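What follows is query_9.cif (mmCIF, C-alpha atoms and all ligand atoms).
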```
data_work
loop_
_atom_site.group_PDB
_atom_site.id
_atom_site.type_symbol
_atom_site.label_atom_id
_atom_site.label_comp_id
_atom_site.auth_asym_id
_atom_site.auth_seq_id
_atom_site.Cartn_x
_atom_site.Cartn_y
_atom_site.Cartn_z
ATOM 1 C CA MET A 1 0.000 0.000 0.000
ATOM 2 C CA GLU A 2 0.968 3.632 -0.410
ATOM 3 C CA ILE A 3 0.123 6.219 2.218
ATOM 4 C CA LEU A 4 0.040 9.903 1.368
ATOM 5 C CA LEU A 5 -0.676 12.922 3.531
ATOM 6 C CA ASP A 6 -3.681 15.011 2.536
ATOM 7 C CA THR A 7 -2.427 18.355 3.798
ATOM 8 C CA ALA A 8 -0.397 21.435 2.930
ATOM 9 C CA ASN A 9 0.589 22.029 6.549
ATOM 10 C CA ILE A 10 4.381 22.177 6.690
ATOM 11 C CA GLU A 11 4.603 21.264 10.370
ATOM 12 C CA ALA A 12 2.360 18.191 9.887
ATOM 13 C CA ILE A 13 4.318 17.106 6.821
ATOM 14 C CA ARG A 14 7.623 17.391 8.714
ATOM 15 C CA LYS A 15 6.137 15.461 11.658
ATOM 16 C CA TYR A 16 4.581 12.615 9.675
ATOM 17 C CA GLU A 17 7.417 12.366 7.157
ATOM 18 C CA ALA A 18 9.466 11.111 10.098
ATOM 19 C CA ILE A 19 6.760 8.703 11.308
ATOM 20 C CA LEU A 20 5.172 7.240 8.175
ATOM 21 C CA PRO A 21 6.552 5.301 5.220
ATOM 22 C CA LEU A 22 5.256 8.262 3.264
ATOM 23 C CA ALA A 23 4.607 7.909 -0.478
ATOM 24 C CA GLY A 24 3.753 11.560 -0.945
ATOM 25 C CA VAL A 25 1.567 14.565 -0.254
ATOM 26 C CA THR A 26 -1.725 15.596 -1.850
ATOM 27 C CA THR A 27 -3.237 19.056 -1.808
ATOM 28 C CA ASN A 28 -6.223 20.840 -3.293
ATOM 29 C CA PRO A 29 -7.458 24.453 -3.153
ATOM 30 C CA SER A 30 -9.506 23.818 0.019
ATOM 31 C CA ILE A 31 -6.491 22.253 1.727
ATOM 32 C CA VAL A 32 -4.323 25.223 0.684
ATOM 33 C CA LYS A 33 -6.974 27.617 2.056
ATOM 34 C CA LYS A 34 -6.421 26.149 5.534
ATOM 35 C CA GLU A 35 -2.847 27.522 5.452
ATOM 36 C CA GLY A 36 -4.037 31.090 4.761
ATOM 37 C CA LYS A 37 -2.850 33.265 1.875
ATOM 38 C CA VAL A 38 0.531 31.626 1.483
ATOM 39 C CA ASP A 39 3.018 32.263 -1.327
ATOM 40 C CA PHE A 40 1.640 29.278 -3.218
ATOM 41 C CA PHE A 41 4.641 28.213 -5.307
ATOM 42 C CA SER A 42 7.120 28.803 -2.520
ATOM 43 C CA HIS A 43 4.878 26.782 -0.181
ATOM 44 C CA MET A 44 4.631 23.887 -2.661
ATOM 45 C CA ASN A 45 8.393 23.991 -3.210
ATOM 46 C CA THR A 46 8.941 23.794 0.550
ATOM 47 C CA ILE A 47 6.770 20.679 0.637
ATOM 48 C CA ARG A 48 8.830 19.269 -2.233
ATOM 49 C CA GLU A 49 12.059 19.997 -0.328
ATOM 50 C CA ILE A 50 10.728 18.144 2.729
ATOM 51 C CA ILE A 51 9.476 15.057 0.894
ATOM 52 C CA GLY A 52 12.156 14.966 -1.791
ATOM 53 C CA GLN A 53 11.922 14.091 -5.453
ATOM 54 C CA GLU A 54 11.431 10.379 -4.820
ATOM 55 C CA ARG A 55 8.036 10.937 -3.199
ATOM 56 C CA MET A 56 4.932 12.164 -4.983
ATOM 57 C CA LEU A 57 3.518 15.669 -4.783
ATOM 58 C CA HIS A 58 -0.054 15.982 -6.107
ATOM 59 C CA VAL A 59 -1.189 19.543 -6.875
ATOM 60 C CA GLN A 60 -4.649 20.443 -8.126
ATOM 61 C CA VAL A 61 -5.617 22.845 -10.878
ATOM 62 C CA VAL A 62 -8.189 25.548 -10.108
ATOM 63 C CA ALA A 63 -9.616 26.513 -13.526
ATOM 64 C CA GLU A 64 -12.810 24.713 -14.517
ATOM 65 C CA ASP A 65 -12.403 24.546 -18.301
ATOM 66 C CA LYS A 66 -9.950 22.460 -20.283
ATOM 67 C CA ALA A 67 -7.880 25.389 -21.570
ATOM 68 C CA GLY A 68 -7.617 26.930 -18.097
ATOM 69 C CA MET A 69 -6.764 23.585 -16.520
ATOM 70 C CA LEU A 70 -3.966 23.070 -19.030
ATOM 71 C CA LYS A 71 -2.609 26.560 -18.299
ATOM 72 C CA ASP A 72 -2.762 25.879 -14.545
ATOM 73 C CA ALA A 73 -1.045 22.539 -15.116
ATOM 74 C CA GLU A 74 1.771 24.091 -17.157
ATOM 75 C CA THR A 75 2.288 26.775 -14.501
ATOM 76 C CA ILE A 76 2.435 24.141 -11.742
ATOM 77 C CA LEU A 77 5.034 22.171 -13.704
ATOM 78 C CA ASP A 78 7.066 25.305 -14.456
ATOM 79 C CA GLN A 79 7.020 26.641 -10.908
ATOM 80 C CA ILE A 80 7.486 23.351 -9.040
ATOM 81 C CA ASP A 81 8.801 20.548 -11.258
ATOM 82 C CA ARG A 82 7.683 18.224 -13.987
ATOM 83 C CA GLU A 83 7.292 15.211 -11.683
ATOM 84 C CA VAL A 84 4.257 16.736 -9.964
ATOM 85 C CA TYR A 85 1.035 14.731 -10.220
ATOM 86 C CA LEU A 86 -1.510 17.107 -11.704
ATOM 87 C CA LYS A 87 -4.838 16.705 -9.943
ATOM 88 C CA ILE A 88 -7.688 17.207 -12.360
ATOM 89 C CA PRO A 89 -11.355 16.853 -11.376
ATOM 90 C CA ALA A 90 -13.074 14.078 -13.354
ATOM 91 C CA SER A 91 -15.649 16.459 -14.839
ATOM 92 C CA GLU A 92 -16.433 16.769 -18.571
ATOM 93 C CA GLU A 93 -13.803 19.487 -18.967
ATOM 94 C CA GLY A 94 -11.426 17.663 -16.660
ATOM 95 C CA LEU A 95 -11.636 14.471 -18.699
ATOM 96 C CA LYS A 96 -10.699 16.488 -21.791
ATOM 97 C CA ALA A 97 -7.688 17.891 -19.914
ATOM 98 C CA ILE A 98 -6.684 14.439 -18.617
ATOM 99 C CA LYS A 99 -6.562 13.096 -22.184
ATOM 100 C CA ALA A 100 -4.340 15.988 -23.276
ATOM 101 C CA LEU A 101 -2.031 15.773 -20.257
ATOM 102 C CA LYS A 102 -1.570 12.013 -20.614
ATOM 103 C CA LYS A 103 -0.866 12.475 -24.334
ATOM 104 C CA ALA A 104 1.931 14.821 -23.254
ATOM 105 C CA GLY A 105 3.294 12.095 -20.949
ATOM 106 C CA LEU A 106 2.550 13.915 -17.691
ATOM 107 C CA ASN A 107 1.583 12.512 -14.292
ATOM 108 C CA VAL A 108 -2.152 12.837 -13.692
ATOM 109 C CA THR A 109 -4.483 12.168 -10.777
ATOM 110 C CA ALA A 110 -8.198 12.254 -11.556
ATOM 111 C CA THR A 111 -9.917 13.689 -8.509
ATOM 112 C CA ALA A 112 -13.351 14.634 -7.146
ATOM 113 C CA ILE A 113 -14.595 11.128 -7.932
ATOM 114 C CA TYR A 114 -18.010 10.322 -6.483
ATOM 115 C CA THR A 115 -19.188 7.646 -8.916
ATOM 116 C CA LYS A 116 -17.978 4.427 -10.477
ATOM 117 C CA MET A 117 -18.612 5.840 -13.949
ATOM 118 C CA GLN A 118 -16.332 8.839 -13.339
ATOM 119 C CA ALA A 119 -13.678 6.407 -12.163
ATOM 120 C CA TYR A 120 -14.062 4.105 -15.160
ATOM 121 C CA LEU A 121 -13.769 7.028 -17.570
ATOM 122 C CA ALA A 122 -10.648 8.293 -15.818
ATOM 123 C CA ILE A 123 -9.130 4.803 -15.902
ATOM 124 C CA ALA A 124 -9.900 4.579 -19.634
ATOM 125 C CA ALA A 125 -8.311 8.009 -20.127
ATOM 126 C CA GLY A 126 -5.107 6.657 -18.609
ATOM 127 C CA ALA A 127 -5.017 8.607 -15.332
ATOM 128 C CA ASP A 128 -2.139 7.438 -13.138
ATOM 129 C CA TYR A 129 -4.287 7.717 -10.010
ATOM 130 C CA ILE A 130 -7.999 8.096 -9.377
ATOM 131 C CA ALA A 131 -9.154 9.686 -6.131
ATOM 132 C CA PRO A 132 -12.588 8.489 -4.974
ATOM 133 C CA TYR A 133 -13.958 10.692 -2.188
ATOM 134 C CA PHE A 134 -14.849 8.060 0.389
ATOM 135 C CA ASN A 135 -16.520 10.157 3.094
ATOM 136 C CA ARG A 136 -18.237 12.502 0.661
ATOM 137 C CA MET A 137 -19.726 9.446 -1.100
ATOM 138 C CA GLU A 138 -21.022 8.110 2.179
ATOM 139 C CA ASN A 139 -22.541 11.526 2.933
ATOM 140 C CA LEU A 140 -24.506 11.175 -0.313
ATOM 141 C CA ASN A 141 -25.650 7.660 0.601
ATOM 142 C CA ILE A 142 -23.387 6.192 -2.095
ATOM 143 C CA ASP A 143 -21.842 2.891 -1.001
ATOM 144 C CA ALA A 144 -18.165 3.917 -1.011
ATOM 145 C CA THR A 145 -17.020 0.455 0.042
ATOM 146 C CA LYS A 146 -18.635 -1.227 -2.969
ATOM 147 C CA ALA A 147 -17.594 1.627 -5.282
ATOM 148 C CA VAL A 148 -13.903 1.307 -4.384
ATOM 149 C CA ALA A 149 -14.083 -2.482 -4.815
ATOM 150 C CA ALA A 150 -15.693 -2.026 -8.260
ATOM 151 C CA MET A 151 -12.984 0.467 -9.255
ATOM 152 C CA ALA A 152 -10.279 -1.984 -8.183
ATOM 153 C CA ASN A 153 -11.992 -4.723 -10.224
ATOM 154 C CA GLU A 154 -12.195 -2.492 -13.280
ATOM 155 C CA ILE A 155 -8.475 -1.748 -13.025
ATOM 156 C CA GLU A 156 -7.792 -5.462 -12.879
ATOM 157 C CA TYR A 157 -10.218 -6.403 -15.713
ATOM 158 C CA SER A 158 -8.821 -3.729 -18.007
ATOM 159 C CA ASN A 159 -5.246 -4.549 -17.061
ATOM 160 C CA SER A 160 -4.777 -0.844 -16.377
ATOM 161 C CA LYS A 161 -1.805 0.790 -14.651
ATOM 162 C CA THR A 162 -4.125 3.251 -12.881
ATOM 163 C CA LYS A 163 -4.011 3.139 -9.093
ATOM 164 C CA ILE A 164 -6.709 4.149 -6.649
ATOM 165 C CA VAL A 165 -5.653 6.821 -4.153
ATOM 166 C CA ALA A 166 -8.745 6.848 -1.976
ATOM 167 C CA ALA A 167 -9.370 10.208 -0.296
ATOM 168 C CA SER A 168 -11.781 12.240 1.834
ATOM 169 C CA PHE A 169 -11.555 10.212 5.024
ATOM 170 C CA LYS A 170 -13.065 11.282 8.299
ATOM 171 C CA ASN A 171 -12.158 8.218 10.354
ATOM 172 C CA VAL A 172 -9.686 5.357 10.454
ATOM 173 C CA GLY A 173 -12.301 2.707 9.617
ATOM 174 C CA GLN A 174 -12.917 4.350 6.238
ATOM 175 C CA VAL A 175 -9.178 4.237 5.490
ATOM 176 C CA THR A 176 -8.772 0.549 6.294
ATOM 177 C CA THR A 177 -11.982 -0.306 4.424
ATOM 178 C CA ALA A 178 -10.740 1.447 1.272
ATOM 179 C CA LEU A 179 -7.465 -0.490 1.450
ATOM 180 C CA GLU A 180 -9.306 -3.771 2.021
ATOM 181 C CA GLN A 181 -11.460 -3.113 -1.060
ATOM 182 C CA GLY A 182 -8.370 -2.847 -3.244
ATOM 183 C CA ALA A 183 -7.257 0.786 -3.076
ATOM 184 C CA GLN A 184 -3.516 0.729 -3.764
ATOM 185 C CA ALA A 185 -3.063 4.072 -2.011
ATOM 186 C CA VAL A 186 -4.827 6.288 0.497
ATOM 187 C CA THR A 187 -4.348 9.952 1.214
ATOM 188 C CA VAL A 188 -5.129 10.792 4.793
ATOM 189 C CA ALA A 189 -5.313 14.071 6.698
ATOM 190 C CA PRO A 190 -3.013 14.403 9.735
ATOM 191 C CA ASP A 191 -5.926 14.405 12.219
ATOM 192 C CA VAL A 192 -7.092 11.005 10.974
ATOM 193 C CA ILE A 193 -3.538 9.606 11.145
ATOM 194 C CA ALA A 194 -3.362 10.936 14.708
ATOM 195 C CA GLN A 195 -6.628 9.126 15.535
ATOM 196 C CA ALA A 196 -5.121 5.875 14.243
ATOM 197 C CA LEU A 197 -2.232 5.992 16.695
ATOM 198 C CA ALA A 198 -3.878 7.741 19.651
ATOM 199 C CA MET A 199 -4.952 4.574 21.411
ATOM 200 C CA PRO A 200 -4.364 4.418 25.178
ATOM 201 C CA SER A 201 -3.836 0.622 24.910
ATOM 202 C CA ILE A 202 -0.785 1.142 22.677
ATOM 203 C CA ASP A 203 0.875 3.553 25.122
ATOM 204 C CA GLN A 204 -0.103 1.318 28.029
ATOM 205 C CA ALA A 205 1.521 -1.720 26.377
ATOM 206 C CA VAL A 206 4.745 0.229 25.744
ATOM 207 C CA ASP A 207 4.806 1.500 29.356
ATOM 208 C CA ASP A 208 4.164 -1.997 30.735
ATOM 209 C CA PHE A 209 7.076 -3.443 28.729
ATOM 210 C CA THR A 210 9.368 -0.708 30.035
ATOM 211 C CA LYS A 211 8.254 -1.206 33.628
ATOM 212 C CA ASP A 212 8.746 -4.987 33.431
ATOM 213 C CA TRP A 213 12.214 -4.533 31.968
ATOM 214 C CA GLU A 214 13.204 -1.910 34.517
ATOM 215 C CA SER A 215 11.907 -4.036 37.415
ATOM 216 C CA VAL A 216 14.569 -6.607 36.525
ATOM 217 C CA PHE A 217 17.411 -4.594 34.973
ATOM 218 C CA GLY A 218 17.094 -1.313 36.827
ATOM 219 C CA GLU A 219 15.344 1.985 36.348
ATOM 220 C CA GLY A 220 16.261 3.793 33.139
ATOM 221 C CA SER A 221 17.988 0.733 31.658
ATOM 222 C CA THR A 222 17.483 -0.361 28.066
ATOM 223 C CA ILE A 223 18.974 -3.128 25.934
ATOM 224 C CA ALA A 224 21.663 -0.733 24.702
ATOM 225 C CA SER A 225 22.599 0.181 28.272
ATOM 226 C CA LEU A 226 23.426 -3.485 29.039
ATOM 227 C CA GLN A 227 26.649 -2.927 27.128
ATOM 228 C CA GLY A 228 27.584 -0.144 29.500
HETATM 229 O O1 LIG A 301 -7.896 15.021 -1.325
HETATM 230 C C1 LIG A 301 -9.039 15.780 -1.063
HETATM 231 C C2 LIG A 301 -10.118 14.946 -0.535
HETATM 232 O O2 LIG A 301 -9.534 14.199 0.486
HETATM 233 C C3 LIG A 301 -11.330 15.725 -0.058
HETATM 234 O O3 LIG A 301 -11.423 15.683 1.304
HETATM 235 O O4 LIG A 301 -12.219 16.321 3.499
HETATM 236 O O5 LIG A 301 -12.718 17.792 1.557
HETATM 237 O O6 LIG A 301 -13.863 15.597 1.790
HETATM 238 P P1 LIG A 301 -12.632 16.391 2.068
#
```
Take the structure from the file and write it as C-alpha cells.
Amino acid sequence: MEILLDTANIEAIRKYEAILPLAGVTTNPSIVKKEGKVDFFSHMNTIREIIGQERMLHVQVVAEDKAGMLKDAETILDQIDREVYLKIPASEEGLKAIKALKKAGLNVTATAIYTKMQAYLAIAAGADYIAPYFNRMENLNIDATKAVAAMANEIEYSNSKTKIVAASFKNVGQVTTALEQGAQAVTVAPDVIAQALAMPSIDQAVDDFTKDWESVFGEGSTIASLQG
C-alpha cells in the first residue's frame, strides 16, 4: 500500500514524514486555504524539499475549463517541477484535460470522484491515479465500500496501470476499508492519522514493557545500556 498525507501544513508534513513510510503529499485548493494566503509556489516547493523528489507531490488545478486547466497545469510544472502529479477533477472538462495531459506524458491524478462511472472514464483516459472521495460518497448515501471495490476490479479487468488513491476520510475505519477493497493508495489528513495511533492501549503496552524490563534490569535501563 501507499500512504500519502492530505495536507499542505508544513509542520504536519515534517512530523509525519518522520513517522510514516510516506509515499507523498496531496493538496487541493480547500487544503491550501487552511494555510491562509501563502506564497503558493514557494509553499509547494517547501513541501517538495521536505518530501524529496522520490516521493509524490499531487497539486490540483483551479480553472474549470480544459484550456484553463492546461494553463494551470503548465504553470504548476514550471514553478514546481515536472514530476508533480496534476490533480484534475473528473468532470467533462477535466476528462478532456486528462486526455491531453496524458498524451503529453505527464503525471495525472483524476480527482473529485463520487461515482464508479467517473472512475471508469478516468481509468480509460489513462489517469495514473484516481481519487474516490470516500466520506463525501457516504454523505450522499453512495456505497463507497462497494464503489472502491468495483474500481479496483475495473483496473484489474482492463489490465490498467491506474491506481486508486482513496481520499476524503473522516475516520480510520474508512481508510482501512478502502485499502481492504483494493485501493492501492490512500491519502489521509493528519488528524485522521493521529486518531489511528492515539490509542491508550498502545501507550499502556509500551509502558508496561518498560516497567517490566526496569523491574529486573534497573530503572532507566534499556537493551543498549546493558553494554555499559
Ligand atoms: O484530497 C481531497 C479529498 O480528500 C477531499 O477531502 O475532506 O474535503 O472531503 P474532504
*Looking at all atoms listed in the file, which of A:Met69, A:Leu20, A:Ile76, A:Val59 is the one that sits closest to ligand LIG 301 (chain A)?*
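Result for the nearest residue to ligand LIG 301 (chain A): A:Val59.
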*Evaluate the PyMOL selection byres (((not hetatm)) within 10 of (chain A and resi 301)) here and jot the selected residues down as an MDAnalysis selection string.*
chainID A and resid 4:7 25:31 58:60 87 111:113 131:137 139 165:170 186:189
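Between CA of Ile51 in chain A and CA of Val108 in chain A there is a distance of 18.8 Å.
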*Near Asn153 in chain A, within 12 Å and counting only C-alpha atoms, which residues show up once chain neighbours fewer than 3 positions away are dropped, as a PyMOL selection string?*
chain A and resi 116+119-120+123+146-150+156-160+162-164+181-184
Would you output that residue set with C-alpha atoms, as a CSV table (one decimal), keeping the file's coordinate frame?
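Listing of again.csv after writing:
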```
chain,number,residue,atom,x,y,z
A,116,LYS,CA,-18.0,4.4,-10.5
A,119,ALA,CA,-13.7,6.4,-12.2
A,120,TYR,CA,-14.1,4.1,-15.2
A,123,ILE,CA,-9.1,4.8,-15.9
A,146,LYS,CA,-18.6,-1.2,-3.0
A,147,ALA,CA,-17.6,1.6,-5.3
A,148,VAL,CA,-13.9,1.3,-4.4
A,149,ALA,CA,-14.1,-2.5,-4.8
A,150,ALA,CA,-15.7,-2.0,-8.3
A,156,GLU,CA,-7.8,-5.5,-12.9
A,157,TYR,CA,-10.2,-6.4,-15.7
A,158,SER,CA,-8.8,-3.7,-18.0
A,159,ASN,CA,-5.2,-4.5,-17.1
A,160,SER,CA,-4.8,-0.8,-16.4
A,162,THR,CA,-4.1,3.3,-12.9
A,163,LYS,CA,-4.0,3.1,-9.1
A,164,ILE,CA,-6.7,4.1,-6.6
A,181,GLN,CA,-11.5,-3.1,-1.1
A,182,GLY,CA,-8.4,-2.8,-3.2
A,183,ALA,CA,-7.3,0.8,-3.1
A,184,GLN,CA,-3.5,0.7,-3.8
```
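With CA of Asp212 in chain A on one side and CA of Ala18 in chain A on the other, the separation reads 28.4 Å.
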*Can you work out the spacing between CA of Gly228 in chain A and CA of Lys211 in chain A in Å, to one decimal?*
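Going from CA of Gly228 in chain A over to CA of Lys211 in chain A covers 19.8 Å.
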_Option closest in space to Val175 in chain A, from A:Ala196, A:Leu140, A:Ala205, A:Ala127 [counting all atoms listed in the file]_ =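 The closest residue to Val175 in chain A is A:Ala196.
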